[in-house]
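Everything below belongs to model26.txt, which stores compact mmCIF, C-alpha atoms and all ligand atoms.
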# COMPACT_ATOMS: atom_id res chain seq x y z
CA MET S 1 34.27 117.05 73.15
CA GLN S 2 35.62 113.55 73.68
CA ASP S 3 35.58 111.31 76.75
CA LYS S 4 37.73 112.55 79.56
CA VAL S 5 40.43 110.16 80.68
CA LYS S 6 42.32 109.47 83.88
CA VAL S 7 46.14 109.37 83.87
CA GLU S 8 47.91 107.17 86.42
CA ALA S 9 51.55 106.64 87.24
CA ARG S 10 52.28 103.63 89.43
CA ASN S 11 55.56 103.31 91.23
CA ILE S 12 57.60 104.75 88.37
CA ALA S 13 61.38 104.90 88.55
CA MET S 14 63.70 106.20 85.89
CA SER S 15 67.45 106.73 85.56
CA TYR S 16 69.76 108.26 83.02
CA GLY S 17 72.76 105.92 83.29
CA LYS S 18 73.59 105.76 86.98
CA THR S 19 71.66 108.92 87.86
CA GLN S 20 68.18 108.25 89.14
CA VAL S 21 65.91 111.12 88.12
CA LEU S 22 62.47 109.79 89.11
CA ARG S 23 61.72 107.71 92.22
CA ASP S 24 58.50 106.04 93.41
CA ILE S 25 56.22 108.26 91.33
CA ASP S 26 52.62 107.46 92.27
CA LEU S 27 50.09 109.81 90.80
CA VAL S 28 46.43 109.83 89.80
CA ILE S 29 45.28 112.67 87.57
CA GLU S 30 41.51 112.80 87.36
CA PRO S 31 39.57 112.98 84.07
CA GLY S 32 39.39 116.57 82.84
CA GLU S 33 41.74 117.85 85.51
CA PHE S 34 44.22 120.69 84.94
CA PHE S 35 47.23 119.31 86.79
CA ALA S 36 50.56 121.08 87.32
CA LEU S 37 53.97 119.50 87.93
CA LEU S 38 55.82 122.15 89.90
CA GLY S 39 59.43 122.15 91.04
CA PRO S 40 62.82 123.76 90.59
CA SER S 41 64.93 123.20 87.51
CA GLY S 42 66.29 119.66 87.41
CA SER S 43 63.61 118.19 89.70
CA GLY S 44 62.41 115.75 87.01
CA LYS S 45 59.22 117.45 85.78
CA SER S 46 60.03 117.32 82.06
CA THR S 47 61.32 113.77 82.37
CA LEU S 48 57.96 112.72 83.82
CA LEU S 49 56.04 114.62 81.14
CA ARG S 50 58.13 113.07 78.36
CA LEU S 51 57.51 109.69 79.92
CA ILE S 52 53.75 110.23 79.65
CA ALA S 53 54.24 111.37 76.02
CA GLY S 54 56.25 108.22 75.31
CA PHE S 55 59.57 109.94 74.51
CA ASN S 56 61.18 108.44 77.65
CA GLN S 57 61.04 104.90 78.92
CA ALA S 58 60.84 104.12 82.65
CA GLN S 59 62.97 101.32 84.10
CA SER S 60 60.09 100.20 86.29
CA GLY S 61 56.48 101.04 87.08
CA GLN S 62 53.33 101.43 85.07
CA LEU S 63 51.68 104.24 83.19
CA LEU S 64 47.95 104.12 82.50
CA ILE S 65 45.75 106.33 80.36
CA GLY S 66 42.02 105.74 80.65
CA GLY S 67 42.77 102.59 82.67
CA GLU S 68 44.91 101.06 79.91
CA ASP S 69 48.58 100.29 80.52
CA ILE S 70 50.46 102.27 77.86
CA SER S 71 53.99 101.75 79.19
CA ARG S 72 54.99 99.88 76.01
CA VAL S 73 52.82 101.81 73.55
CA PRO S 74 54.82 104.06 71.14
CA PRO S 75 54.24 107.84 71.33
CA TRP S 76 52.22 108.12 68.10
CA GLN S 77 49.70 105.54 69.34
CA ARG S 78 49.11 107.11 72.76
CA ASN S 79 46.70 109.83 71.64
CA VAL S 80 48.59 112.37 73.68
CA GLY S 81 49.38 115.89 72.43
CA MET S 82 52.39 117.86 73.62
CA VAL S 83 53.14 121.58 73.38
CA PHE S 84 56.88 122.22 73.63
CA GLN S 85 58.55 125.10 75.41
CA ASN S 86 59.95 126.53 72.14
CA TYR S 87 56.63 125.78 70.28
CA ALA S 88 58.50 123.86 67.52
CA LEU S 89 56.38 125.41 64.75
CA TRP S 90 57.30 124.77 61.11
CA PRO S 91 58.84 128.11 60.02
CA HIS S 92 58.18 127.59 56.29
CA MET S 93 54.49 126.79 56.76
CA SER S 94 51.59 129.17 57.33
CA VAL S 95 49.53 129.10 60.50
CA TRP S 96 46.86 127.14 58.63
CA GLU S 97 49.40 124.57 57.37
CA ASN S 98 50.96 124.21 60.81
CA VAL S 99 47.58 123.40 62.36
CA ALA S 100 46.57 121.14 59.44
CA PHE S 101 49.81 119.14 59.51
CA GLY S 102 48.85 116.58 62.17
CA LEU S 103 45.44 116.07 60.55
CA GLN S 104 46.98 115.51 57.10
CA GLU S 105 49.32 112.94 58.64
CA ARG S 106 46.23 111.11 59.88
CA ARG S 107 44.98 111.10 56.26
CA LEU S 108 41.63 112.71 57.05
CA PRO S 109 39.50 113.90 54.10
CA LYS S 110 40.33 117.44 52.92
CA SER S 111 36.92 118.84 53.86
CA VAL S 112 37.18 117.47 57.41
CA ILE S 113 40.67 118.96 57.76
CA GLY S 114 39.37 122.33 56.57
CA GLN S 115 36.55 122.29 59.13
CA LYS S 116 38.79 121.19 61.99
CA VAL S 117 41.50 123.77 61.27
CA ALA S 118 38.92 126.57 61.01
CA ALA S 119 37.25 125.50 64.26
CA THR S 120 40.54 125.23 66.11
CA LEU S 121 41.81 128.60 64.89
CA ALA S 122 38.52 130.14 66.02
CA LEU S 123 38.96 128.53 69.43
CA VAL S 124 42.29 130.30 69.94
CA ASN S 125 41.16 133.55 68.23
CA LEU S 126 43.51 133.24 65.28
CA GLU S 127 41.01 133.08 62.38
CA ASP S 128 42.48 136.24 60.88
CA TYR S 129 46.06 134.98 60.96
CA ALA S 130 45.70 131.74 59.00
CA ARG S 131 47.94 132.87 56.10
CA ARG S 132 50.79 134.24 58.18
CA ARG S 133 54.10 132.50 58.81
CA PRO S 134 55.22 131.98 62.45
CA ASN S 135 57.87 134.74 62.14
CA GLN S 136 55.07 137.22 61.34
CA LEU S 137 53.40 136.56 64.70
CA SER S 138 53.97 137.82 68.25
CA GLY S 139 55.17 135.39 70.94
CA GLY S 140 51.65 135.05 72.33
CA GLN S 141 50.22 134.28 68.88
CA GLN S 142 52.92 131.69 68.18
CA GLN S 143 52.05 130.10 71.50
CA ARG S 144 48.40 129.90 70.42
CA VAL S 145 49.37 128.30 67.10
CA ALA S 146 51.36 125.68 69.00
CA LEU S 147 48.32 125.01 71.17
CA ALA S 148 45.96 124.95 68.18
CA ARG S 149 48.20 122.50 66.33
CA THR S 150 48.13 120.15 69.30
CA ILE S 151 44.43 120.34 70.15
CA ALA S 152 43.41 120.01 66.47
CA ILE S 153 44.30 116.33 66.60
CA GLU S 154 41.95 115.95 69.58
CA PRO S 155 44.32 114.17 71.94
CA LYS S 156 42.93 112.52 75.07
CA VAL S 157 45.66 114.11 77.16
CA LEU S 158 47.27 117.51 76.65
CA LEU S 159 50.86 117.92 77.87
CA LEU S 160 52.33 121.40 78.22
CA ASP S 161 56.05 121.84 78.90
CA GLU S 162 56.64 125.34 80.34
CA PRO S 163 54.36 126.75 77.60
CA LEU S 164 54.48 130.32 78.88
CA SER S 165 58.15 130.70 79.70
CA ASN S 166 59.08 132.39 76.40
CA LEU S 167 56.60 135.22 76.92
CA ASP S 168 57.18 138.51 78.73
CA ALA S 169 55.74 138.90 82.24
CA LYS S 170 52.50 140.73 81.34
CA LEU S 171 51.65 138.46 78.42
CA ARG S 172 52.36 135.42 80.58
CA VAL S 173 49.69 136.52 83.05
CA HIS S 174 47.22 137.08 80.21
CA MET S 175 48.04 133.78 78.48
CA ARG S 176 47.71 131.73 81.64
CA GLU S 177 44.12 132.98 81.95
CA GLU S 178 43.48 132.13 78.31
CA LEU S 179 44.96 128.70 78.78
CA ARG S 180 42.77 128.06 81.80
CA THR S 181 39.63 129.18 79.95
CA LEU S 182 40.48 127.05 76.92
CA GLN S 183 41.19 124.01 79.08
CA ARG S 184 37.82 124.42 80.85
CA LYS S 185 36.07 124.74 77.50
CA LEU S 186 37.74 121.61 76.09
CA GLY S 187 37.58 119.64 79.34
CA ILE S 188 40.67 117.72 78.28
CA THR S 189 42.92 116.16 80.94
CA THR S 190 45.91 118.51 80.96
CA ILE S 191 49.35 118.19 82.56
CA PHE S 192 51.36 121.35 82.77
CA VAL S 193 55.04 121.63 83.73
CA THR S 194 56.24 124.81 85.37
CA HIS S 195 58.89 126.06 87.80
CA ASP S 196 56.74 129.12 88.55
CA GLN S 197 54.61 128.61 91.64
CA GLU S 198 52.33 131.53 90.81
CA GLU S 199 51.62 130.07 87.37
CA ALA S 200 50.79 126.69 88.91
CA MET S 201 48.61 128.17 91.66
CA THR S 202 46.57 130.33 89.29
CA THR S 203 45.91 127.74 86.59
CA ALA S 204 45.89 124.26 88.12
CA ASP S 205 43.12 122.36 89.88
CA ARG S 206 45.81 120.40 91.69
CA ILE S 207 49.58 120.57 91.86
CA ALA S 208 52.28 117.96 92.44
CA VAL S 209 55.39 119.54 93.93
CA MET S 210 58.59 117.73 92.89
CA ASP S 211 62.14 117.89 94.18
CA GLN S 212 65.05 115.67 93.16
CA GLY S 213 62.81 113.25 91.30
CA VAL S 214 60.48 112.70 94.26
CA LEU S 215 56.87 113.88 94.64
CA GLN S 216 56.87 116.00 97.78
CA GLN S 217 53.14 116.78 98.04
CA ILE S 218 50.02 116.65 95.88
CA GLY S 219 47.11 118.95 96.60
CA THR S 220 45.01 121.92 95.59
CA PRO S 221 46.79 125.28 95.57
CA LEU S 222 45.02 126.10 98.85
CA GLU S 223 46.08 122.85 100.53
CA LEU S 224 49.72 123.31 99.55
CA PHE S 225 49.78 126.92 100.68
CA ASP S 226 47.96 126.49 103.98
CA ASN S 227 49.26 123.07 104.99
CA PRO S 228 52.64 122.35 103.41
CA ALA S 229 53.68 118.78 104.10
CA ASN S 230 57.36 119.47 104.56
CA ARG S 231 60.08 122.09 104.64
CA PHE S 232 60.67 121.96 100.89
CA VAL S 233 57.01 122.62 99.98
CA ALA S 234 56.71 125.33 102.66
CA ASN S 235 59.66 127.17 101.15
CA PHE S 236 58.86 126.57 97.49
CA VAL S 237 55.19 127.55 97.50
CA GLY S 238 55.17 131.21 98.58
CA THR S 239 57.32 132.91 101.20
CA ILE S 240 57.32 131.55 104.73
CA ASN S 241 58.87 132.00 108.17
CA LEU S 242 60.35 128.73 109.43
CA LEU S 243 61.71 128.50 112.95
CA PRO S 244 63.26 125.50 114.67
CA CYS S 245 61.71 124.77 118.03
CA ARG S 246 61.23 122.04 120.59
CA LEU S 247 57.83 120.75 121.56
CA ARG S 248 58.04 120.44 125.31
CA LYS S 249 54.78 118.92 126.44
CA ALA S 250 51.45 118.10 124.95
CA SER S 251 48.21 118.33 126.85
CA ARG S 252 44.74 117.39 125.67
CA ASP S 253 43.89 120.60 123.91
CA MET S 254 47.03 122.71 124.08
CA VAL S 255 50.64 122.02 123.25
CA SER S 256 53.37 124.06 124.75
CA LEU S 257 56.52 124.58 122.80
CA VAL S 258 59.81 126.24 123.40
CA SER S 259 61.35 127.91 120.43
CA SER S 260 65.06 128.46 120.86
CA SER S 261 64.79 132.00 119.53
CA LEU S 262 61.33 133.28 120.42
CA GLY S 263 60.90 132.05 123.98
CA GLU S 264 57.96 129.89 125.05
CA ILE S 265 54.81 129.90 122.93
CA GLU S 266 51.55 128.14 123.67
CA LEU S 267 49.66 126.87 120.65
CA PRO S 268 46.34 125.14 120.15
CA ARG S 269 46.78 121.44 119.59
CA LEU S 270 46.71 120.71 115.87
CA PRO S 271 45.74 117.52 114.09
CA HIS S 272 48.87 115.65 112.95
CA ALA S 273 51.09 117.64 115.34
CA PRO S 274 53.83 115.51 116.87
CA GLU S 275 53.66 114.84 120.62
CA ALA S 276 57.06 116.22 121.51
CA GLY S 277 60.56 116.69 120.17
CA ASP S 278 62.45 118.88 117.71
CA VAL S 279 60.25 120.32 114.96
CA GLU S 280 59.83 123.58 113.08
CA ILE S 281 56.96 126.02 113.19
CA CYS S 282 55.98 128.03 110.16
CA PHE S 283 53.71 130.96 109.38
CA ARG S 284 53.19 133.22 106.38
CA PRO S 285 54.51 136.79 106.31
CA HIS S 286 51.07 138.24 105.52
CA ALA S 287 49.59 136.64 108.64
CA VAL S 288 51.83 138.71 110.92
CA THR S 289 50.57 142.04 112.29
CA VAL S 290 53.17 144.78 112.79
CA CYS S 291 52.26 147.68 115.08
CA VAL S 292 53.83 150.29 117.32
CA ALA S 293 55.60 148.93 120.37
CA ASP S 294 53.52 148.48 123.54
CA SER S 295 50.17 148.68 121.72
CA VAL S 296 47.18 146.50 122.65
CA ARG S 297 47.78 142.74 122.84
CA ASP S 298 45.29 139.86 122.78
CA HIS S 299 45.47 136.13 123.38
CA GLU S 300 44.73 135.14 119.76
CA HIS S 301 48.22 136.25 118.76
CA VAL S 302 51.69 135.45 119.96
CA TRP S 303 53.07 138.93 120.62
CA LEU S 304 56.78 139.66 120.32
CA GLN S 305 58.87 142.78 120.35
CA GLY S 306 61.43 143.31 117.60
CA THR S 307 63.53 145.79 115.67
CA VAL S 308 62.92 146.54 112.00
CA SER S 309 66.03 145.51 110.06
CA GLY S 310 64.74 145.81 106.51
CA VAL S 311 61.89 147.57 104.67
CA GLU S 312 60.87 146.91 101.07
CA PHE S 313 58.03 148.91 99.59
CA LEU S 314 56.31 146.71 96.98
CA GLY S 315 53.30 148.91 96.22
CA GLU S 316 50.41 146.74 97.40
CA PHE S 317 52.30 145.82 100.54
CA VAL S 318 55.42 146.54 102.57
CA ARG S 319 57.77 143.66 103.35
CA TYR S 320 59.51 144.04 106.71
CA ARG S 321 62.38 142.05 108.11
CA ILE S 322 62.14 142.21 111.86
CA ARG S 323 64.83 141.04 114.26
CA VAL S 324 63.55 139.26 117.33
CA GLY S 325 66.52 138.16 119.40
CA SER S 326 68.72 136.20 117.00
CA THR S 327 65.84 135.44 114.59
CA GLU S 328 64.64 137.44 111.61
CA ILE S 329 60.92 137.35 110.82
CA ILE S 330 59.42 138.43 107.50
CA ALA S 331 56.14 140.34 107.82
CA ASP S 332 54.07 141.68 104.90
CA GLN S 333 51.70 144.54 105.66
CA THR S 334 49.09 145.86 103.24
CA HIS S 335 49.91 149.40 102.19
CA HIS S 336 47.22 152.08 102.46
CA ALA S 337 47.55 155.39 100.64
CA GLY S 338 48.83 158.16 102.89
CA THR S 339 50.44 155.89 105.51
CA THR S 340 54.18 155.83 106.09
CA PRO S 341 55.94 152.49 106.68
CA PHE S 342 58.05 151.90 109.78
CA THR S 343 61.67 152.86 109.23
CA PRO S 344 64.72 150.64 109.90
CA GLU S 345 65.72 150.41 113.57
CA SER S 346 62.15 151.14 114.75
CA THR S 347 61.04 149.07 117.71
CA VAL S 348 57.76 147.35 116.86
CA ASN S 349 55.35 144.78 118.20
CA LEU S 350 54.51 141.87 116.00
CA GLY S 351 51.58 139.55 116.44
CA ILE S 352 51.47 136.05 114.97
CA PRO S 353 47.96 134.53 114.99
CA ARG S 354 48.17 131.23 116.91
CA CYS S 355 45.69 129.60 114.52
CA GLU S 356 47.97 130.29 111.51
CA ILE S 357 51.05 128.61 112.95
CA ARG S 358 51.77 125.14 111.54
CA PHE S 359 54.23 122.41 112.44
CA ILE S 360 56.71 120.98 109.99
CA SER S 361 58.36 117.78 111.10
CA ASN S 362 60.79 117.08 108.26
P1 LIG T 401 63.09 119.67 85.11
O1 LIG T 401 62.13 119.49 83.99
O2 LIG T 401 62.43 119.59 86.45
O3 LIG T 401 63.95 120.89 84.98
P2 LIG T 401 64.41 117.37 83.95
O4 LIG T 401 63.36 116.33 83.96
O5 LIG T 401 64.69 118.07 82.67
O6 LIG T 401 64.10 118.43 85.11
O7 LIG T 401 65.79 116.74 84.46
C1 LIG T 401 65.88 115.96 85.63
C2 LIG T 401 67.32 115.48 85.78
O8 LIG T 401 67.65 114.60 84.73
C3 LIG T 401 68.34 116.61 85.75
O9 LIG T 401 69.33 116.35 86.70
C4 LIG T 401 68.89 116.54 84.35
O10 LIG T 401 70.22 116.99 84.31
C5 LIG T 401 68.79 115.04 84.04
N1 LIG T 401 68.58 114.78 82.60
C6 LIG T 401 67.57 115.23 81.85
N2 LIG T 401 67.65 114.76 80.57
C7 LIG T 401 68.76 114.01 80.53
C8 LIG T 401 69.42 113.22 79.50
N3 LIG T 401 68.90 113.13 78.27
N4 LIG T 401 70.56 112.56 79.83
C9 LIG T 401 71.05 112.62 81.08
N5 LIG T 401 70.49 113.32 82.10
C10 LIG T 401 69.37 114.00 81.83
Once you've parsed the file, please lay out its structure as structure tokens.
Ligand code: ADP
Amino acid sequence: MQDKVKVEARNIAMSYGKTQVLRDIDLVIEPGEFFALLGPSGSGKSTLLRLIAGFNQAQSGQLLIGGEDISRVPPWQRNVGMVFQNYALWPHMSVWENVAFGLQERRLPKSVIGQKVAATLALVNLEDYARRRPNQLSGGQQQRVALARTIAIEPKVLLLDEPLSNLDAKLRVHMREELRTLQRKLGITTIFVTHDQEEAMTTADRIAVMDQGVLQQIGTPLELFDNPANRFVANFVGTINLLPCRLRKASRDMVSLVSSSLGEIELPRLPHAPEAGDVEICFRPHAVTVCVADSVRDHEHVWLQGTVSGVEFLGEFVRYRIRVGSTEIIADQTHHAGTTPFTPESTVNLGIPRCEIRFISN
């Protein structure tokens, strides 16, 4: 295993012609970290990854690998390995030849190449497939060859551009676990581009959420999910209820707020909560309790009465849409065998735990 390196982007801006696609990108990726760039299509993730690889050139800002400014260093001298979305394997070469290719280009002795290819194929469990051509492999195996080919050259930084998107849903779940295990084993600083929040949450140590070329929030999966910094992150990472409201007054340990649709709700005072004004509150669907109307209430929850307007049975849980006045709230309830979900038009009570309600101010 080689030394782990830090990757830093400082104030990077990049445009294609007049269209600015990256703005004020400031990012520190720690040595050995598995870091995901997450965002919708067109948010600038691949542009940033290609910039780190050296295939794109920023108009301004600095890029550092292991503390060294590499902004002007050509791709082949950066010691960075990239796995492309379509794998880009050589179709006329065997698995062995595909993995050996980068090592042969580096003019290593034949015996060293042989050892490195064998070791890398063992690492991705492809020892028995060395003689096959890419078209004789499954999608998952091709993906592993692409990975093996990249890690064989022992790059300091591994870049993965939507590496799982060509695989079917079940295999994707399996491969993301494999990828995580391999990354831990290698300890190589890895940057992973994905538009799939579940993929990012399950594999990455930390995630940077991007929208329209701007970093919206950087944090661990838990931080992003529990404390989204803004409306975009709240909506993009998981499902959420967002309701406009007005903070009316703030006291020392309680704030009182008036939501236009839910009436007046008292909430504990939260760090970083604004003093007063127009904001939004948010809470996750799984935090809400749905029960029969007029059942027991407590002070830990905000209790509301509503009418079920939609029911989706998803196996592990039931997703309800519940109308409360002019607002619709999404509530996910764990399903237990033998129980029957509420039916549309049922009147229900719903409880929102006060401690799970967050403020969003932009
Ligand atoms: P993502 O990877 O998040 O889907 P990209 O980085 O590929 O987003 O693209 C960001 C923006 O830059 C998009 O609006 C896209 O249309 C534009 N873009 C990407 N590549 C080029 C290019 N070679 N020329 C012009 N515009 C481009």
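Across S:Ile281, S:Leu350, S:Val193, S:Leu158, the tightest approach to Arg321 (chain S) is made by S:Leu350 when counting only C-alpha atoms.
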Surrounding residues of Thr343 (chain S) excluding itself and chain neighbours under 2 positions, 9 Å, all atoms listed in the file, as an mmCIF file with C-alpha atoms, in the frame of the given file:
data_model
loop_
_atom_site.group_PDB
_atom_site.id
_atom_site.type_symbol
_atom_site.label_atom_id
_atom_site.label_comp_id
_atom_site.auth_asym_id
_atom_site.auth_seq_id
_atom_site.Cartn_x
_atom_site.Cartn_y
_atom_site.Cartn_z
ATOM 1 C CA VAL S 308 62.920 146.540 112.000
ATOM 2 C CA SER S 309 66.030 145.510 110.060
ATOM 3 C CA GLY S 310 64.740 145.810 106.510
ATOM 4 C CA VAL S 311 61.890 147.570 104.670
ATOM 5 C CA THR S 340 54.180 155.830 106.090
ATOM 6 C CA PRO S 341 55.940 152.490 106.680
ATOM 7 C CA GLU S 345 65.720 150.410 113.570
ATOM 8 C CA SER S 346 62.150 151.140 114.750
#
Skip region 126-142 of chain S itself and residues of its chain fewer than 4 positions away, then list as a VMD selection string all residues within 10 Å of it, counting only C-alpha atoms. chain S and resid 86 to 99 117 to 122 146 to 148 164 166 to 168 171 to 172 174 to 175
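Computed from the coordinates, the CA of Ala273 (chain S) to CA of Ile360 (chain S) distance equals 8.4 Å.
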List all protein, DNA and RNA residues that have an atom no more than 10 Å from any atom of ligand LIG 401 (chain T), counting all atoms listed in the file, and report them as JSON, numbers by chain. {"S": [14, 15, 16, 17, 18, 19, 20, 21, 22, 37, 38, 39, 40, 41, 42, 43, 44, 45, 46, 47, 48, 49, 50, 51, 56, 161, 162, 193, 194, 195, 210, 211, 212, 213]}
Taking only C-alpha atoms into account, which of S:Val5, S:Ile52, S:Ile153, S:Ile65 comes nearest Ala100 (chain S)? S:Ile153
Mind checking which residues fall within 7 Å of region 27-36 of chain S, counting all atoms listed in the file, ignoring those fewer than 6 positions away in the same chain, and posting them as an NGL selection string? :S and (4-10 or 187-193 or 200 or 204-208)
In Å, rounded to a single decimal, give me how far CA of Pro285 (chain S) is from CA of Asn235 (chain S). 12.1 Å
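Remark: for Asn241 (chain S), the closest of the candidate residues S:Thr327, S:Glu177, S:Arg107, S:Arg149 is S:Thr327 (distances computed over all atoms listed in the file).
In this model, the gap between CA of Glu68 (chain S) and CA of Phe101 (chain S) comes to 27.7 Å.
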With only C-alpha atoms as the atoms that count, which of S:Leu123, S:Val233, S:Leu304, S:Ile113 lies nearest to Leu262 (chain S)? S:Leu304
For each of S:Gln305, S:Gly338, S:Pro244, S:Gly351, take the minimum atom-to-atom distance to His286 (chain S), counting all atoms listed in the file, then give the residue where this is smallest. S:Gly351
Polymer residues at most 8 Å from Ser361 (chain S), only C-alpha atoms, same-chain spacing of 4 or more positions, as a compact mmCIF listing (two decimals) with C-alpha atoms, in the frame of the given file:
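For reference, out37.txt as written:
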# COMPACT_ATOMS: atom_id res chain seq x y z
CA ASN S 230 57.36 119.47 104.56
CA ARG S 231 60.08 122.09 104.64
CA PRO S 274 53.83 115.51 116.87
CA ASP S 278 62.45 118.88 117.71
CA VAL S 279 60.25 120.32 114.96
CA GLU S 280 59.83 123.58 113.08
Residues near Ala13 (chain S), cut-off 6 Å, only C-alpha atoms, skip fewer than 2 positions along chain, as a list in words: Leu22, Arg23, Asp24, Ala58, Gln59 and Ser60 of chain S
Selected residues, C-alpha atoms, written as a tab-separated table (two decimals), in the frame of the given file, please.
chain	number	residue	atom	x	y	z
S	22	LEU	CA	62.47	109.79	89.11
S	23	ARG	CA	61.72	107.71	92.22
S	24	ASP	CA	58.50	106.04	93.41
S	58	ALA	CA	60.84	104.12	82.65
S	59	GLN	CA	62.97	101.32	84.10
S	60	SER	CA	60.09	100.20	86.29
Ile265 (chain S) proximity check over S:Leu63, S:Val145, S:Val296, S:Ile352, using all atoms listed in the file: winner is S:Ile352
Provide an axis-aligned box for all listed atoms of region 178-196 of chain S, padding each side by 4 Å; report its centre and its edge lengths in Å to one decimal, as lines of an AutoDock Vina configuration file.
center_x = 47.5
center_y = 124.1
center_z = 82.3
size_x = 30.8
size_y = 24.0
size_z = 20.5
